[in-house]
$ cat final-v1.json   # JSON, C-alpha atoms
[["chain", "number", "residue", "atom", "x", "y", "z"],
["A", 254, "MET", "CA", 92.23, 108.81, 90.22],
["A", 255, "ILE", "CA", 90.66, 105.43, 89.54],
["A", 256, "LYS", "CA", 88.28, 103.34, 91.63],
["A", 257, "LEU", "CA", 89.33, 99.65, 91.83],
["A", 258, "GLU", "CA", 87.75, 96.42, 92.97],
["A", 259, "SER", "CA", 89.37, 94.89, 96.04],
["A", 260, "PRO", "CA", 91.53, 91.87, 95.07],
["A", 261, "SER", "CA", 89.73, 88.55, 95.49],
["A", 262, "LEU", "CA", 92.60, 86.62, 97.00],
["A", 263, "ASN", "CA", 92.72, 84.03, 99.76],
["A", 264, "TYR", "CA", 94.94, 85.73, 102.34],
["A", 265, "ARG", "CA", 95.52, 82.45, 104.14],
["A", 266, "ASN", "CA", 97.02, 80.96, 100.98],
["A", 267, "VAL", "CA", 99.13, 84.07, 100.41],
["A", 268, "LEU", "CA", 100.68, 83.66, 103.86],
["A", 269, "ILE", "CA", 101.42, 79.97, 103.34],
["A", 270, "LYS", "CA", 103.03, 80.59, 99.96],
["A", 271, "CYS", "CA", 105.17, 83.45, 101.31],
["A", 272, "VAL", "CA", 106.92, 81.13, 103.76],
["A", 273, "GLN", "CA", 107.05, 78.08, 101.53],
["A", 274, "GLY", "CA", 110.63, 76.84, 101.28],
["A", 275, "ILE", "CA", 112.22, 79.56, 103.46],
["A", 276, "HIS", "CA", 115.20, 78.70, 105.65],
["A", 277, "GLU", "CA", 113.85, 80.54, 108.70],
["A", 278, "LYS", "CA", 111.82, 77.62, 110.05],
["A", 279, "ASP", "CA", 110.95, 79.46, 113.26],
["A", 280, "LEU", "CA", 109.39, 82.30, 111.25],
["A", 281, "GLN", "CA", 107.60, 79.80, 109.04],
["A", 282, "LYS", "CA", 106.10, 78.03, 112.09],
["A", 283, "ARG", "CA", 105.00, 81.33, 113.66],
["A", 284, "VAL", "CA", 103.20, 82.29, 110.46],
["A", 285, "TYR", "CA", 101.41, 78.92, 110.41],
["A", 286, "ASP", "CA", 100.53, 79.21, 114.10],
["A", 287, "ASN", "CA", 99.14, 82.75, 113.70],
["A", 288, "ILE", "CA", 97.33, 82.52, 110.37],
["A", 289, "GLU", "CA", 93.96, 83.05, 112.02],
["A", 290, "ASN", "CA", 95.24, 86.21, 113.69],
["A", 291, "PHE", "CA", 96.44, 87.55, 110.34],
["A", 292, "THR", "CA", 93.11, 86.90, 108.67],
["A", 293, "THR", "CA", 91.20, 88.41, 111.60],
["A", 294, "ARG", "CA", 93.29, 91.59, 111.34],
["A", 295, "SER", "CA", 92.52, 91.71, 107.63],
["A", 296, "GLU", "CA", 88.80, 91.47, 108.32],
["A", 297, "THR", "CA", 89.11, 94.32, 110.82],
["A", 298, "TYR", "CA", 90.97, 96.34, 108.18],
["A", 299, "GLU", "CA", 88.10, 95.90, 105.72],
["A", 300, "GLU", "CA", 85.46, 96.74, 108.33],
["A", 301, "LEU", "CA", 87.21, 99.97, 109.30],
["A", 302, "ALA", "CA", 87.93, 100.91, 105.69],
["A", 303, "ASN", "CA", 84.29, 100.43, 104.70],
["A", 304, "ALA", "CA", 83.26, 102.61, 107.65],
["A", 305, "ASN", "CA", 85.80, 105.35, 106.74],
["A", 306, "LYS", "CA", 87.59, 104.73, 110.02],
["A", 307, "LEU", "CA", 90.79, 103.08, 108.90],
["A", 308, "PHE", "CA", 92.70, 105.69, 110.90],
["A", 309, "GLN", "CA", 91.62, 103.74, 113.99],
["A", 310, "ILE", "CA", 93.55, 100.63, 113.02],
["A", 311, "ASP", "CA", 96.18, 99.30, 115.39],
["A", 312, "GLY", "CA", 99.58, 99.59, 113.73],
["A", 313, "ALA", "CA", 101.59, 97.87, 116.46],
["A", 314, "GLU", "CA", 103.60, 94.70, 115.90],
["A", 315, "LYS", "CA", 101.73, 91.59, 117.01],
["A", 316, "ASP", "CA", 102.31, 87.91, 117.80],
["A", 317, "SER", "CA", 106.07, 88.44, 118.26],
["A", 318, "PHE", "CA", 106.50, 89.47, 114.59],
["A", 319, "THR", "CA", 109.00, 92.28, 114.08],
["A", 320, "TYR", "CA", 109.21, 94.92, 111.39],
["A", 321, "HIS", "CA", 112.11, 92.94, 109.92],
["A", 322, "ASN", "CA", 110.00, 89.76, 109.83],
["A", 323, "MET", "CA", 107.19, 91.49, 107.97],
["A", 324, "THR", "CA", 109.40, 93.26, 105.43],
["A", 325, "PHE", "CA", 111.13, 89.93, 104.84],
["A", 326, "LEU", "CA", 107.74, 88.34, 104.10],
["A", 327, "TYR", "CA", 106.88, 91.15, 101.70],
["A", 328, "GLY", "CA", 110.18, 90.53, 99.93],
["A", 329, "LYS", "CA", 109.14, 86.90, 99.54],
["A", 330, "LEU", "CA", 105.73, 87.92, 98.18],
["A", 331, "ARG", "CA", 107.49, 90.04, 95.57],
["A", 332, "ASP", "CA", 110.45, 87.80, 94.72],
["A", 333, "SER", "CA", 109.64, 84.17, 95.53],
["A", 334, "SER", "CA", 108.43, 81.93, 92.71],
["A", 335, "HIS", "CA", 105.94, 80.44, 95.18],
["A", 336, "SER", "CA", 104.14, 83.70, 95.98],
["A", 337, "ARG", "CA", 105.00, 86.01, 93.06],
["A", 338, "PRO", "CA", 101.76, 85.04, 91.23],
["A", 339, "TYR", "CA", 99.81, 86.83, 93.99],
["A", 340, "TYR", "CA", 101.97, 89.94, 93.57],
["A", 341, "ASN", "CA", 101.43, 89.84, 89.81],
["A", 342, "TYR", "CA", 97.69, 89.36, 90.28],
["A", 343, "ILE", "CA", 97.40, 92.54, 92.36],
["A", 344, "LEU", "CA", 99.70, 94.44, 90.00],
["A", 345, "GLY", "CA", 97.52, 93.40, 87.06],
["A", 346, "THR", "CA", 94.27, 94.73, 88.55],
["A", 347, "SER", "CA", 94.93, 98.14, 86.98],
["A", 348, "LEU", "CA", 97.08, 98.92, 83.95],
["A", 349, "PHE", "CA", 97.14, 102.57, 84.96],
["A", 350, "CYS", "CA", 98.12, 103.93, 88.35],
["A", 351, "PRO", "CA", 94.89, 104.51, 90.33],
["A", 352, "TYR", "CA", 96.47, 107.48, 92.07],
["A", 353, "CYS", "CA", 97.55, 109.69, 89.15],
["A", 354, "GLY", "CA", 95.57, 107.87, 86.44],
["A", 355, "VAL", "CA", 98.35, 108.61, 83.97],
["A", 356, "GLN", "CA", 101.37, 106.36, 84.29],
["A", 357, "SER", "CA", 101.41, 102.58, 84.09],
["A", 358, "SER", "CA", 101.28, 100.46, 87.24],
["A", 359, "ASN", "CA", 104.72, 98.89, 87.74],
["A", 360, "THR", "CA", 104.91, 98.37, 91.50],
["A", 361, "LEU", "CA", 102.74, 97.87, 94.59],
["A", 362, "ASP", "CA", 102.02, 100.54, 97.16],
["A", 363, "HIS", "CA", 101.25, 99.85, 100.81],
["A", 364, "TYR", "CA", 98.25, 102.07, 101.54],
["A", 365, "LEU", "CA", 99.17, 101.72, 105.21],
["A", 366, "PRO", "CA", 102.98, 101.99, 104.95],
["A", 367, "LYS", "CA", 105.10, 99.13, 106.26],
["A", 368, "LYS", "CA", 107.04, 101.43, 108.57],
["A", 369, "HIS", "CA", 103.98, 102.39, 110.61],
["A", 370, "TYR", "CA", 101.75, 99.34, 110.05],
["A", 371, "PRO", "CA", 104.11, 96.34, 109.57],
["A", 372, "MET", "CA", 101.45, 93.69, 110.26],
["A", 373, "TYR", "CA", 99.68, 94.65, 107.00],
["A", 374, "SER", "CA", 102.78, 94.36, 104.82],
["A", 375, "ILE", "CA", 101.43, 91.42, 102.80],
["A", 376, "ASP", "CA", 97.69, 91.84, 103.29],
["A", 377, "PRO", "CA", 96.18, 92.01, 99.76],
["A", 378, "VAL", "CA", 93.64, 94.67, 100.75],
["A", 379, "ASN", "CA", 96.53, 96.93, 101.77],
["A", 380, "LEU", "CA", 98.47, 96.45, 98.52],
["A", 381, "LEU", "CA", 97.64, 98.59, 95.50],
["A", 382, "PRO", "CA", 99.06, 98.70, 91.98],
["A", 383, "CYS", "CA", 100.60, 102.07, 91.22],
["A", 384, "CYS", "CA", 103.41, 103.81, 89.36],
["A", 385, "SER", "CA", 106.85, 104.29, 90.87],
["A", 386, "ASP", "CA", 106.50, 108.09, 90.97],
["A", 387, "CYS", "CA", 103.30, 108.04, 93.02],
["A", 388, "ASN", "CA", 104.69, 105.33, 95.28],
["A", 389, "SER", "CA", 107.76, 107.45, 95.95],
["A", 390, "LYS", "CA", 105.79, 110.64, 96.60],
["A", 391, "LYS", "CA", 103.29, 108.90, 98.86],
["A", 392, "SER", "CA", 106.24, 107.37, 100.71],
["A", 393, "GLU", "CA", 105.48, 106.65, 104.39],
["A", 394, "HIS", "CA", 102.41, 108.86, 104.68],
["A", 395, "LYS", "CA", 100.67, 107.92, 107.92],
["A", 396, "GLN", "CA", 96.90, 107.62, 107.52],
["A", 397, "LEU", "CA", 95.82, 109.73, 110.48],
["A", 398, "GLU", "CA", 92.31, 111.12, 110.96],
["A", 399, "GLY", "CA", 91.80, 114.04, 108.59],
["A", 400, "LYS", "CA", 95.06, 113.22, 106.79],
["A", 401, "GLU", "CA", 93.83, 110.05, 105.08],
["A", 402, "THR", "CA", 94.16, 109.76, 101.33],
["A", 403, "PHE", "CA", 91.87, 108.21, 98.75],
["A", 404, "HIS", "CA", 91.85, 104.40, 98.98],
["A", 405, "PRO", "CA", 91.03, 102.97, 95.52],
["A", 406, "TYR", "CA", 89.54, 99.77, 96.97],
["A", 407, "PHE", "CA", 87.19, 101.30, 99.51],
["A", 408, "ASP", "CA", 86.55, 104.96, 98.66],
["A", 409, "THR", "CA", 84.25, 106.33, 96.00],
["A", 410, "LEU", "CA", 84.85, 109.08, 93.45],
["A", 411, "GLY", "CA", 81.26, 109.49, 92.31],
["A", 412, "HIS", "CA", 80.33, 110.40, 88.74],
["A", 413, "GLU", "CA", 80.44, 114.19, 88.90],
["A", 414, "ARG", "CA", 83.30, 116.47, 87.96],
["A", 415, "PHE", "CA", 85.77, 117.39, 90.67],
["A", 416, "LEU", "CA", 88.84, 118.19, 88.54],
["A", 417, "PHE", "CA", 89.01, 121.64, 86.99],
["A", 418, "VAL", "CA", 91.49, 123.82, 85.10],
["A", 419, "GLU", "CA", 92.14, 127.53, 85.29],
["A", 420, "LEU", "CA", 94.01, 129.30, 82.49],
["A", 421, "VAL", "CA", 96.75, 131.51, 83.95],
["A", 422, "ASN", "CA", 99.50, 133.75, 82.64],
["A", 423, "LYS", "CA", 102.90, 132.42, 83.69],
["A", 424, "ASP", "CA", 106.05, 134.22, 82.59],
["A", 425, "ASN", "CA", 104.19, 135.77, 79.65],
["A", 426, "THR", "CA", 102.92, 132.45, 78.39],
["A", 427, "LEU", "CA", 99.79, 130.42, 78.96],
["A", 428, "ALA", "CA", 99.80, 127.79, 81.71],
["A", 429, "PHE", "CA", 97.14, 125.60, 83.27],
["A", 430, "ARG", "CA", 96.36, 125.42, 86.99],
["A", 431, "TYR", "CA", 94.60, 122.23, 87.99],
["A", 432, "TYR", "CA", 92.53, 122.14, 91.15],
["A", 433, "VAL", "CA", 89.79, 120.05, 92.74],
["A", 434, "SER", "CA", 86.38, 121.19, 93.92],
["A", 435, "LYS", "CA", 83.84, 119.20, 95.91],
["A", 436, "PRO", "CA", 80.88, 117.86, 93.89],
["A", 437, "SER", "CA", 77.53, 117.29, 95.54],
["A", 438, "SER", "CA", 77.82, 113.51, 95.15],
["A", 439, "LEU", "CA", 80.82, 113.29, 97.49],
["A", 440, "SER", "CA", 80.63, 113.67, 101.23],
["A", 441, "GLU", "CA", 82.99, 116.12, 102.89],
["A", 442, "GLU", "CA", 84.92, 113.16, 104.30],
["A", 443, "GLU", "CA", 85.31, 111.54, 100.88],
["A", 444, "PHE", "CA", 86.36, 114.80, 99.24],
["A", 445, "ILE", "CA", 89.01, 115.53, 101.88],
["A", 446, "LYS", "CA", 90.63, 112.12, 101.29],
["A", 447, "MET", "CA", 90.66, 112.71, 97.55],
["A", 448, "LYS", "CA", 92.06, 116.24, 97.93],
["A", 449, "ASN", "CA", 94.70, 115.02, 100.38],
["A", 450, "LEU", "CA", 95.96, 112.61, 97.74],
["A", 451, "PHE", "CA", 95.83, 115.29, 95.03],
["A", 452, "ASP", "CA", 97.98, 117.59, 97.18],
["A", 453, "LEU", "CA", 100.32, 114.92, 98.54],
["A", 454, "LEU", "CA", 101.24, 113.61, 95.08],
["A", 455, "LYS", "CA", 101.34, 117.12, 93.55],
["A", 456, "LEU", "CA", 99.01, 115.96, 90.80],
["A", 457, "GLY", "CA", 98.18, 119.52, 89.83],
["A", 458, "LYS", "CA", 101.78, 120.09, 88.76],
["A", 459, "LEU", "CA", 101.92, 116.80, 86.86],
["A", 460, "TYR", "CA", 98.67, 117.51, 85.01],
["A", 461, "SER", "CA", 99.78, 121.06, 84.19],
["A", 462, "VAL", "CA", 102.91, 119.76, 82.46],
["A", 463, "LEU", "CA", 100.88, 117.16, 80.56],
["A", 464, "ALA", "CA", 98.36, 119.82, 79.51],
["A", 465, "SER", "CA", 101.10, 122.05, 78.15],
["A", 466, "GLY", "CA", 102.48, 119.17, 76.09],
["A", 467, "GLU", "CA", 99.01, 118.21, 74.86],
["A", 468, "LEU", "CA", 98.18, 121.66, 73.54],
["A", 469, "HIS", "CA", 101.64, 121.96, 72.05],
["A", 470, "SER", "CA", 100.76, 118.97, 69.87],
["A", 471, "GLN", "CA", 97.51, 120.64, 68.74],
["A", 472, "ILE", "CA", 98.50, 124.28, 68.44],
["A", 473, "TYR", "CA", 99.57, 124.24, 64.77],
["A", 474, "GLN", "CA", 96.22, 122.78, 63.70],
["A", 475, "LEU", "CA", 94.32, 125.24, 65.88],
["A", 476, "LYS", "CA", 96.11, 128.22, 64.34],
["A", 477, "GLU", "CA", 95.43, 126.88, 60.86],
["A", 478, "LEU", "CA", 91.75, 126.49, 61.71],
["A", 479, "TYR", "CA", 91.68, 130.05, 63.04],
["A", 480, "ASN", "CA", 93.04, 131.34, 59.74],
["A", 481, "ILE", "CA", 90.29, 129.46, 57.91],
["A", 482, "GLY", "CA", 87.24, 129.88, 60.12],
["A", 483, "GLY", "CA", 88.20, 132.07, 63.06],
["A", 484, "ALA", "CA", 87.46, 131.38, 66.71],
["A", 485, "LYS", "CA", 84.33, 129.41, 65.87],
["A", 486, "ALA", "CA", 86.34, 126.79, 63.96],
["A", 487, "VAL", "CA", 88.84, 126.56, 66.83],
["A", 488, "ALA", "CA", 86.05, 126.11, 69.38],
["A", 489, "GLN", "CA", 84.44, 123.37, 67.28],
["A", 490, "CYS", "CA", 87.72, 121.47, 67.01],
["A", 491, "LEU", "CA", 88.32, 121.72, 70.75],
["A", 492, "ASN", "CA", 84.79, 120.55, 71.46],
["A", 493, "ASP", "CA", 85.25, 117.53, 69.19],
["A", 494, "ILE", "CA", 88.42, 116.57, 71.07],
["A", 495, "TYR", "CA", 86.61, 117.11, 74.38],
["A", 496, "VAL", "CA", 83.81, 114.74, 73.40],
["A", 497, "SER", "CA", 86.41, 112.14, 72.44],
["A", 498, "THR", "CA", 88.33, 112.51, 75.71],
["A", 499, "LEU", "CA", 85.17, 111.88, 77.75],
["A", 500, "ASN", "CA", 85.86, 108.20, 77.08],
["A", 501, "THR", "CA", 88.85, 108.51, 79.42],
["A", 502, "GLY", "CA", 86.58, 109.74, 82.22],
["A", 503, "VAL", "CA", 84.99, 112.97, 83.27],
["A", 504, "ASN", "CA", 87.84, 113.61, 85.71],
["A", 505, "SER", "CA", 90.81, 112.76, 83.54],
["A", 506, "TRP", "CA", 93.38, 115.56, 83.20],
["A", 507, "LYS", "CA", 92.76, 115.69, 79.44],
["A", 508, "THR", "CA", 88.98, 115.95, 79.73],
["A", 509, "ALA", "CA", 89.37, 118.75, 82.27],
["A", 510, "LEU", "CA", 91.78, 120.58, 79.93],
["A", 511, "TYR", "CA", 89.46, 120.58, 76.93],
["A", 512, "GLU", "CA", 86.45, 121.38, 79.10],
["A", 513, "ALA", "CA", 88.31, 124.52, 80.15],
["A", 514, "VAL", "CA", 89.41, 125.73, 76.70],
["A", 515, "LYS", "CA", 86.61, 124.70, 74.35],
["A", 516, "ASP", "CA", 84.21, 127.47, 75.40],
["A", 517, "ASN", "CA", 86.82, 130.02, 76.40],
["A", 518, "THR", "CA", 86.36, 132.91, 73.97],
["A", 519, "TRP", "CA", 89.66, 134.53, 74.88],
["A", 520, "PHE", "CA", 91.60, 131.31, 74.33],
["A", 521, "CYS", "CA", 89.96, 130.61, 70.97],
["A", 522, "ASN", "CA", 90.69, 134.15, 69.76],
["A", 523, "GLU", "CA", 93.96, 135.12, 71.44],
["A", 524, "GLY", "CA", 95.24, 132.38, 73.70],
["A", 525, "ILE", "CA", 96.20, 130.05, 70.88],
["A", 526, "HIS", "CA", 98.52, 132.76, 69.54],
["A", 527, "GLN", "CA", 100.12, 133.44, 72.95],
["A", 528, "PHE", "CA", 100.63, 129.83, 73.95],
["A", 529, "ASN", "CA", 104.22, 128.66, 74.26],
["A", 530, "TYR", "CA", 105.20, 125.16, 75.33],
["A", 531, "ILE", "CA", 106.65, 125.16, 78.86],
["A", 532, "SER", "CA", 109.43, 122.58, 78.72],
["A", 533, "GLN", "CA", 111.31, 123.34, 81.92],
["A", 534, "THR", "CA", 110.79, 124.68, 85.43],
["A", 535, "ARG", "CA", 114.35, 124.91, 86.65],
["A", 536, "ASP", "CA", 115.38, 127.21, 89.48],
["A", 537, "GLU", "CA", 117.30, 130.09, 87.90],
["A", 538, "THR", "CA", 118.88, 131.12, 91.23],
["A", 539, "LEU", "CA", 121.71, 128.65, 90.54],
["A", 540, "THR", "CA", 122.48, 130.09, 87.12],
["A", 541, "ASN", "CA", 125.84, 131.91, 86.98],
["A", 542, "GLU", "CA", 126.55, 130.93, 90.57],
["A", 543, "GLN", "CA", 129.81, 132.28, 91.97],
["A", 544, "ASP", "CA", 132.64, 129.90, 92.92],
["A", 545, "LEU", "CA", 132.50, 128.75, 96.52],
["A", 546, "GLN", "CA", 135.56, 129.08, 98.68],
["A", 547, "ILE", "CA", 137.06, 125.87, 99.96],
["A", 548, "PRO", "CA", 136.70, 125.88, 103.77],
["A", 549, "THR", "CA", 139.94, 126.11, 105.66],
["A", 550, "SER", "CA", 140.55, 123.34, 108.17],
["A", 551, "LYS", "CA", 140.91, 124.32, 111.79]]
$ encode --input "final-v1.json" --output "structure tokens"
Amino acid sequence: MIKLESPSLNYRNVLIKCVQGIHEKDLQKRVYDNIENFTTRSETYEELANANKLFQIDGAEKDSFTYHNMTFLYGKLRDSSHSRPYYNYILGTSLFCPYCGVQSSNTLDHYLPKKHYPMYSIDPVNLLPCCSDCNSKKSEHKQLEGKETFHPYFDTLGHERFLFVELVNKDNTLAFRYYVSKPSSLSEEEFIKMKNLFDLLKLGKLYSVLASGELHSQIYQLKELYNIGGAKAVAQCLNDIYVSTLNTGVNSWKTALYEAVKDNTWFCNEGIHQFNYISQTRDETLTNEQDLQIPTSK
């Protein structure tokens, strides 16, 4: 997860550009007439978000705008040559998805989803750069009290470790279980939001797959080092990689992986010889499935 600065955009200008040149003149006029209401709602959004009370926001349609009106305006923000620069600006605020921290940002997520909070469909503080996978998994998650997820613009991650890895035996090979644990620098409220996102997006599973691939790329060298200098040489190599990965952040999946293995005596002695790359997780219950009978019509 990545903390981001809130986009410094003039929401009033965004609204004007979204309706510039549209054929729906009635919608255009209503946007002009209600610009102050839009900006006031945005200010309320920021106040509640800064107070960790965004769950209190009113998601109802306002000023005679419908869900269709607001999704239409978002389409204009994304596709119109007049307003697309604002979309691109927000998208460019983070090269990597602030949710998973792994994949590149290629779309915008509505922190408060359009379905439940249509009036915030084009509010810059509600739009976040992210990857398509995280956007799809987050879907229409409603930000209810206790169910809120980490908001990259308004929530903090602190500077202490919260991402950890446990080495586990899975189907007679080594696997990596990622989990989060509350550091002292985060309040219980902040940690719950971060953990909710971790669970909702199934980041533990994603990181586990990445960790398996990462060690697969290193395992030959580690075995060679073991033959030369034993477990001590393996541990030194892993520690060197760990120090290098700290540049990606103390809570990156890669840093957490090497933190877990570099001082693990069992891994440096035996684990490197037992490790096998896990390349698939398919459900074997469908293997050799019997032919289904075609239902007879009544």
$ closest_atom_pairs --input "final-v1.json" --of "range 319-398 of chain A" --to "range 448-451 of chain A" --cutoff "10 Å" --atoms "only C-alpha atoms" --output "CSV"
residue,atom,partner,partner_atom,distance
A:Tyr352,CA,A:Leu450,CA,7.7
A:Cys353,CA,A:Phe451,CA,8.3
A:Cys387,CA,A:Leu450,CA,9.9
A:Lys391,CA,A:Leu450,CA,8.3
$ residues_around --input "final-v1.json" --residues "Lys458 in chain A" --least-positions-apart "5" --cutoff "10 Å" --atoms "all atoms listed in the file" --output "list of chain:residue names"
A:Phe429, A:Arg430, A:Tyr431, A:Tyr432, A:Phe451, A:Asp452, A:Leu463, A:Ala464
$ residues_around --input "final-v1.json" --residues "Ser385 in chain A" --least-positions-apart "2" --cutoff "8 Å" --atoms "all atoms listed in the file" --output "ChimeraX atom specification"
/A:358-360,383,387-389
$ write_last_selection --input "final-v1.json" --atoms "C-alpha atoms" --output "CSV table (one decimal), in the frame of the given file"
chain,number,residue,atom,x,y,z
A,358,SER,CA,101.3,100.5,87.2
A,359,ASN,CA,104.7,98.9,87.7
A,360,THR,CA,104.9,98.4,91.5
A,383,CYS,CA,100.6,102.1,91.2
A,387,CYS,CA,103.3,108.0,93.0
A,388,ASN,CA,104.7,105.3,95.3
A,389,SER,CA,107.8,107.4,96.0
$ atom_distance --input "final-v1.json" --atom1 "CA of Tyr511 in chain A" --atom2 "CA of Phe417 in chain A"
10.1 Å
$ residues_around --input "final-v1.json" --residues "Phe407 in chain A" --least-positions-apart "6" --cutoff "8 Å" --atoms "only C-alpha atoms" --output "PDB file with C-alpha atoms, keeping the file's coordinate frame"
ATOM      1  CA  SER A 259      89.370  94.890  96.040  1.00  0.00           C
ATOM      2  CA  ALA A 302      87.930 100.910 105.690  1.00  0.00           C
ATOM      3  CA  ASN A 303      84.290 100.430 104.700  1.00  0.00           C
TER       4      ASN A 303
END
$ closest_residue --input "final-v1.json" --among "A:Gly524, A:Pro382, A:Gly312, A:Gly274" --to "Ser347 in chain A" --atoms "all atoms listed in the file"
A:Pro382
$ residues_around --input "final-v1.json" --residues "Glu477 in chain A" --least-positions-apart "5" --cutoff "9 Å" --atoms "all atoms listed in the file" --output "list in words"
Ile472, Gly482 and Val487 of chain A
$ residues_near_point --input "final-v1.json" --point "(92.8, 124.4, 75.0)" --cutoff "10 Å" --atoms "all atoms listed in the file" --output "PDB file with C-alpha atoms, in the coordinates of the input"
ATOM      1  CA  LEU A 420      94.010 129.300  82.490  1.00  0.00           C
ATOM      2  CA  PHE A 429      97.140 125.600  83.270  1.00  0.00           C
ATOM      3  CA  ALA A 464      98.360 119.820  79.510  1.00  0.00           C
ATOM      4  CA  SER A 465     101.100 122.050  78.150  1.00  0.00           C
ATOM      5  CA  GLU A 467      99.010 118.210  74.860  1.00  0.00           C
ATOM      6  CA  LEU A 468      98.180 121.660  73.540  1.00  0.00           C
ATOM      7  CA  HIS A 469     101.640 121.960  72.050  1.00  0.00           C
ATOM      8  CA  GLN A 471      97.510 120.640  68.740  1.00  0.00           C
ATOM      9  CA  ILE A 472      98.500 124.280  68.440  1.00  0.00           C
ATOM     10  CA  LEU A 475      94.320 125.240  65.880  1.00  0.00           C
ATOM     11  CA  VAL A 487      88.840 126.560  66.830  1.00  0.00           C
ATOM     12  CA  ALA A 488      86.050 126.110  69.380  1.00  0.00           C
ATOM     13  CA  CYS A 490      87.720 121.470  67.010  1.00  0.00           C
ATOM     14  CA  LEU A 491      88.320 121.720  70.750  1.00  0.00           C
ATOM     15  CA  ASN A 492      84.790 120.550  71.460  1.00  0.00           C
ATOM     16  CA  ILE A 494      88.420 116.570  71.070  1.00  0.00           C
ATOM     17  CA  TYR A 495      86.610 117.110  74.380  1.00  0.00           C
ATOM     18  CA  LYS A 507      92.760 115.690  79.440  1.00  0.00           C
ATOM     19  CA  ALA A 509      89.370 118.750  82.270  1.00  0.00           C
ATOM     20  CA  LEU A 510      91.780 120.580  79.930  1.00  0.00           C
ATOM     21  CA  TYR A 511      89.460 120.580  76.930  1.00  0.00           C
ATOM     22  CA  GLU A 512      86.450 121.380  79.100  1.00  0.00           C
ATOM     23  CA  ALA A 513      88.310 124.520  80.150  1.00  0.00           C
ATOM     24  CA  VAL A 514      89.410 125.730  76.700  1.00  0.00           C
ATOM     25  CA  LYS A 515      86.610 124.700  74.350  1.00  0.00           C
ATOM     26  CA  ASP A 516      84.210 127.470  75.400  1.00  0.00           C
ATOM     27  CA  ASN A 517      86.820 130.020  76.400  1.00  0.00           C
ATOM     28  CA  PHE A 520      91.600 131.310  74.330  1.00  0.00           C
ATOM     29  CA  CYS A 521      89.960 130.610  70.970  1.00  0.00           C
ATOM     30  CA  GLY A 524      95.240 132.380  73.700  1.00  0.00           C
ATOM     31  CA  ILE A 525      96.200 130.050  70.880  1.00  0.00           C
ATOM     32  CA  PHE A 528     100.630 129.830  73.950  1.00  0.00           C
TER      33      PHE A 528
END
$ closest_residue --input "final-v1.json" --among "A:Asp544, A:Gln273, A:Trp506, A:Asn263" --to "Leu459 in chain A" --atoms "all atoms listed in the file"
A:Trp506
$ axis_aligned_box --input "final-v1.json" --around "range 433-437 of chain A" --padding-each-side "6 Å" --output "AutoDock Vina command-line options"
--center_x 83.7 --center_y 119.2 --center_z 94.3 --size_x 24.3 --size_y 15.9 --size_z 15.2
$ decode --input "final-v1.json" --residues "range 379-391 of chain A" --atoms "N, CA and C atoms" --output "short mmCIF file (atom, residue, chain, number, x, y, z; two decimals), in the first residue's frame"
data_model
loop_
_atom_site.label_atom_id
_atom_site.label_comp_id
_atom_site.auth_asym_id
_atom_site.auth_seq_id
_atom_site.Cartn_x
_atom_site.Cartn_y
_atom_site.Cartn_z
N ASN A 379 -12.20 11.79 -4.56
CA ASN A 379 -12.79 10.45 -4.50
C ASN A 379 -12.24 9.53 -5.59
N LEU A 380 -11.36 10.07 -6.43
CA LEU A 380 -10.82 9.30 -7.56
C LEU A 380 -9.35 8.99 -7.30
N LEU A 381 -9.01 7.70 -7.40
CA LEU A 381 -7.65 7.26 -7.10
C LEU A 381 -7.07 6.44 -8.23
N PRO A 382 -5.80 6.65 -8.57
CA PRO A 382 -5.16 5.80 -9.57
C PRO A 382 -4.99 4.41 -9.00
N CYS A 383 -5.22 3.39 -9.80
CA CYS A 383 -5.03 2.02 -9.33
C CYS A 383 -4.93 1.09 -10.53
N CYS A 384 -4.65 -0.17 -10.27
CA CYS A 384 -4.59 -1.16 -11.34
C CYS A 384 -5.98 -1.75 -11.56
N SER A 385 -6.17 -2.34 -12.71
CA SER A 385 -7.48 -2.90 -13.06
C SER A 385 -7.88 -4.03 -12.11
N ASP A 386 -6.90 -4.85 -11.70
CA ASP A 386 -7.22 -5.97 -10.81
C ASP A 386 -7.77 -5.49 -9.48
N CYS A 387 -7.12 -4.53 -8.87
CA CYS A 387 -7.58 -4.02 -7.58
C CYS A 387 -8.92 -3.31 -7.73
N ASN A 388 -9.09 -2.59 -8.82
CA ASN A 388 -10.36 -1.90 -9.07
C ASN A 388 -11.49 -2.91 -9.17
N SER A 389 -11.24 -4.01 -9.86
CA SER A 389 -12.26 -5.05 -10.02
C SER A 389 -12.58 -5.73 -8.70
N LYS A 390 -11.55 -6.04 -7.92
CA LYS A 390 -11.77 -6.73 -6.64
C LYS A 390 -12.47 -5.82 -5.64
N LYS A 391 -12.09 -4.55 -5.64
CA LYS A 391 -12.72 -3.60 -4.71
C LYS A 391 -14.18 -3.38 -5.08
#
